[in-house]
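Notes for the one structure printed next.
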Amino acid sequence: MKNKFLLLGIALTSLAACKTASAPQQLMSVKTQKNISINNELKNEEEFVKFIEPYKQKLDKEMNQKISHTNVDLTKQGDNSNLGNLLADYTFEGGNEWIKTHLKQNVDAALINIGGIRTTIGKGDILLKNVFEVMPFENEVVIVKMKGADVQGLFEYYAKTQVNNPVSHLYIETKNGQIIKSLINGKEVDPAQDYYIATSDYLALGGDNMKFFAKGELIATGIKMRDLFIDYFKKAPEVVVNSDIRLNFIGKK
């Protein structure tokens, strides 16, 4: 019983630490406490194991459910990775569906960050847990309304960084760090036109140094990106892979 409370204490401490990490730092008093030894005795706490077993079984059953299938490995490697393109397309489609319903507009393009895709999905059945592994964060879809003149900052960002952050309905071609061609939906950007770009709240707020979004108007959708990806995987019994060229960094070092 003593060990059960010790484990619960550790769990509560971990949760508190996670919450503290994102909160402003505060000064606190530190008191020296007696060290508690964690050893093999923790494995023998049958009462605790029995307590959590029903929850574990329920979670395992849910996480191991099949939601789709892929005939190829879905990876994040390369400037036009199939998994990156797929998730960028899902972001575009989900954002477009939302804005049509709520604002009677259309999304013009989408981009996500490659760092937000944490792992790959192997060939075969796609399980619910695979999507949680790929996208463990609680990011939400945000649509940024931007003037065409300000979208130039997006293209300049890619030309400067040469990073393979996945895009949808965008084509960016550079040569030795200079923009050669930049298209939205296959067309050159009209400086006077309004464009709606679907992305994550993390990037919309300047994450990964995407400061160009600051010139736009942020429209919150309230849609969790992971939930969106799960929904779209469920809609497709067999994943259709898109490995077309969207980012073309000529002379990339």
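Residue numbers start at 1 in each chain; chains themselves are named A, B, ... in the order of the structure tokens; ligands are numbered from 1 in the order shown.
DSSP, applied to the backbone of this structure, assigns strand (DSSP E) to the following residues of range 61-95 of chain A: Lys66, Ile67, Ser68, His69 and Thr70 of chain A.
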Shell around range 75-77 of chain A at 12 Å using only C-alpha atoms, local window under 2 positions removed, as a PDB file with C-alpha atoms, in the first residue's frame:
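Below is the file that was written, around28.pdb:
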ATOM      1  CA  THR A  70      -0.866   2.004 -46.325  1.00  0.00           C
ATOM      2  CA  VAL A  72       4.149   1.931 -48.512  1.00  0.00           C
ATOM      3  CA  ASP A  73       6.161   3.314 -45.622  1.00  0.00           C
ATOM      4  CA  ASP A  79      12.024  17.832 -49.266  1.00  0.00           C
ATOM      5  CA  ASN A  80       8.751  16.290 -50.482  1.00  0.00           C
ATOM      6  CA  SER A  81       8.172  13.406 -48.067  1.00  0.00           C
ATOM      7  CA  ASN A  82       5.023  11.384 -48.595  1.00  0.00           C
ATOM      8  CA  LEU A  83       3.944  11.680 -44.954  1.00  0.00           C
ATOM      9  CA  GLY A  84       4.667  15.413 -44.906  1.00  0.00           C
ATOM     10  CA  ASN A  85       2.693  16.005 -48.103  1.00  0.00           C
ATOM     11  CA  LEU A  86      -0.162  13.847 -46.812  1.00  0.00           C
ATOM     12  CA  LEU A  87      -0.513  15.689 -43.495  1.00  0.00           C
ATOM     13  CA  ALA A  88      -0.190  19.079 -45.216  1.00  0.00           C
ATOM     14  CA  ASN A 113       6.424  22.095 -39.769  1.00  0.00           C
ATOM     15  CA  ILE A 114       8.447  18.946 -40.317  1.00  0.00           C
ATOM     16  CA  GLY A 115       9.575  19.046 -36.673  1.00  0.00           C
ATOM     17  CA  GLY A 116       5.974  18.573 -35.569  1.00  0.00           C
ATOM     18  CA  ILE A 117       5.924  15.182 -37.302  1.00  0.00           C
ATOM     19  CA  ARG A 118       7.663  13.123 -34.647  1.00  0.00           C
ATOM     20  CA  THR A 119       8.001   9.736 -36.350  1.00  0.00           C
ATOM     21  CA  THR A 120       7.063   7.647 -39.385  1.00  0.00           C
ATOM     22  CA  ILE A 121       4.310   5.112 -40.116  1.00  0.00           C
ATOM     23  CA  GLY A 122       5.361   1.720 -41.430  1.00  0.00           C
ATOM     24  CA  LYS A 123       3.715  -0.135 -44.297  1.00  0.00           C
ATOM     25  CA  VAL A 134       3.308  11.030 -35.161  1.00  0.00           C
ATOM     26  CA  VAL A 163      13.896  23.531 -44.651  1.00  0.00           C
ATOM     27  CA  ASN A 164      11.482  20.821 -45.790  1.00  0.00           C
ATOM     28  CA  ASN A 165       8.436  22.093 -43.905  1.00  0.00           C
ATOM     29  CA  PRO A 166       5.570  20.381 -45.791  1.00  0.00           C
ATOM     30  CA  VAL A 241       0.314   8.861 -51.198  1.00  0.00           C
ATOM     31  CA  ASN A 242       1.263  12.195 -52.738  1.00  0.00           C
ATOM     32  CA  SER A 243       4.973  12.563 -53.458  1.00  0.00           C
TER      33      SER A 243
END
> What is the distance between CA of Lys66 in chain A and CA of Gly94 in chain A, in Å to one decimal?
Replying inline: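 That distance, rounded to one decimal, is 21.2 Å.
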>> Just to confirm, what's the straight-line distance from CA of Asp150 in chain A to CA of Asp190 in chain A in Å (one decimal)?
In response: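 Result for CA of Asp150 in chain A versus CA of Asp190 in chain A: 10.3 Å, one decimal.
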>> Please extract the residues of range 205-237 of chain A with a backbone DSSP assignment of alpha helix (DSSP H) and present them as a ChimeraX atom specification.
In response: /A:225-235
Keeping only C-alpha atoms, take the residues you just selected and write them out as an mmCIF file, in the first residue's frame.
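Written file, result.cif:
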data_model
loop_
_atom_site.group_PDB
_atom_site.id
_atom_site.type_symbol
_atom_site.label_atom_id
_atom_site.label_comp_id
_atom_site.auth_asym_id
_atom_site.auth_seq_id
_atom_site.Cartn_x
_atom_site.Cartn_y
_atom_site.Cartn_z
ATOM 1 C CA MET A 225 -4.612 18.806 -35.703
ATOM 2 C CA ARG A 226 -4.288 15.255 -34.412
ATOM 3 C CA ASP A 227 -8.081 14.827 -34.365
ATOM 4 C CA LEU A 228 -8.218 16.153 -37.913
ATOM 5 C CA PHE A 229 -5.570 13.677 -39.084
ATOM 6 C CA ILE A 230 -7.398 10.803 -37.385
ATOM 7 C CA ASP A 231 -10.668 11.762 -39.091
ATOM 8 C CA TYR A 232 -9.045 11.878 -42.526
ATOM 9 C CA PHE A 233 -7.231 8.583 -42.040
ATOM 10 C CA LYS A 234 -10.577 7.027 -41.115
ATOM 11 C CA LYS A 235 -12.141 8.420 -44.284
#
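You will find CA of Asp208 in chain A at 18.2 Å from CA of Ile172 in chain A.
Take the candidates A:Val142, A:Leu154, A:Ile99, A:Ile126 and check each one against Tyr202 in chain A using only C-alpha atoms; the shortest distance goes to A:Val142.
Between Asp194 in chain A and the residues A:Lys252, A:Lys181, A:Lys145, A:Lys215, the shortest atom-to-atom distance, using only C-alpha atoms, involves A:Lys145.
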>> Which residues are close to His169 in chain A, i.e. within 6 Å by only C-alpha atoms, leaving aside same-chain residues fewer than 4 positions away? Reply as a VMD selection string.
In response: chain A and resid 109 184 to 185
Convert the current residue selection to file output with C-alpha atoms, as a compact mmCIF listing (two decimals), in the first residue's frame.
# COMPACT_ATOMS: atom_id res chain seq x y z
CA ALA A 109 -2.76 26.85 -49.21
CA ILE A 184 -0.32 29.27 -54.98
CA ASN A 185 -2.71 26.82 -56.62
> Smallest atom-to-atom distance to Pro191 in chain A: which of A:Val151, A:Leu218, A:Ile250, A:Val49, using only C-alpha atoms?
Replying inline: A:Val151
> Between A:Asp201, A:Asn71, A:Tyr195, A:Ile52, which one has atoms that come closest to Gln105 in chain A, using only C-alpha atoms?
Replying inline: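 The answer is A:Tyr195, which sits nearest to Gln105 in chain A.
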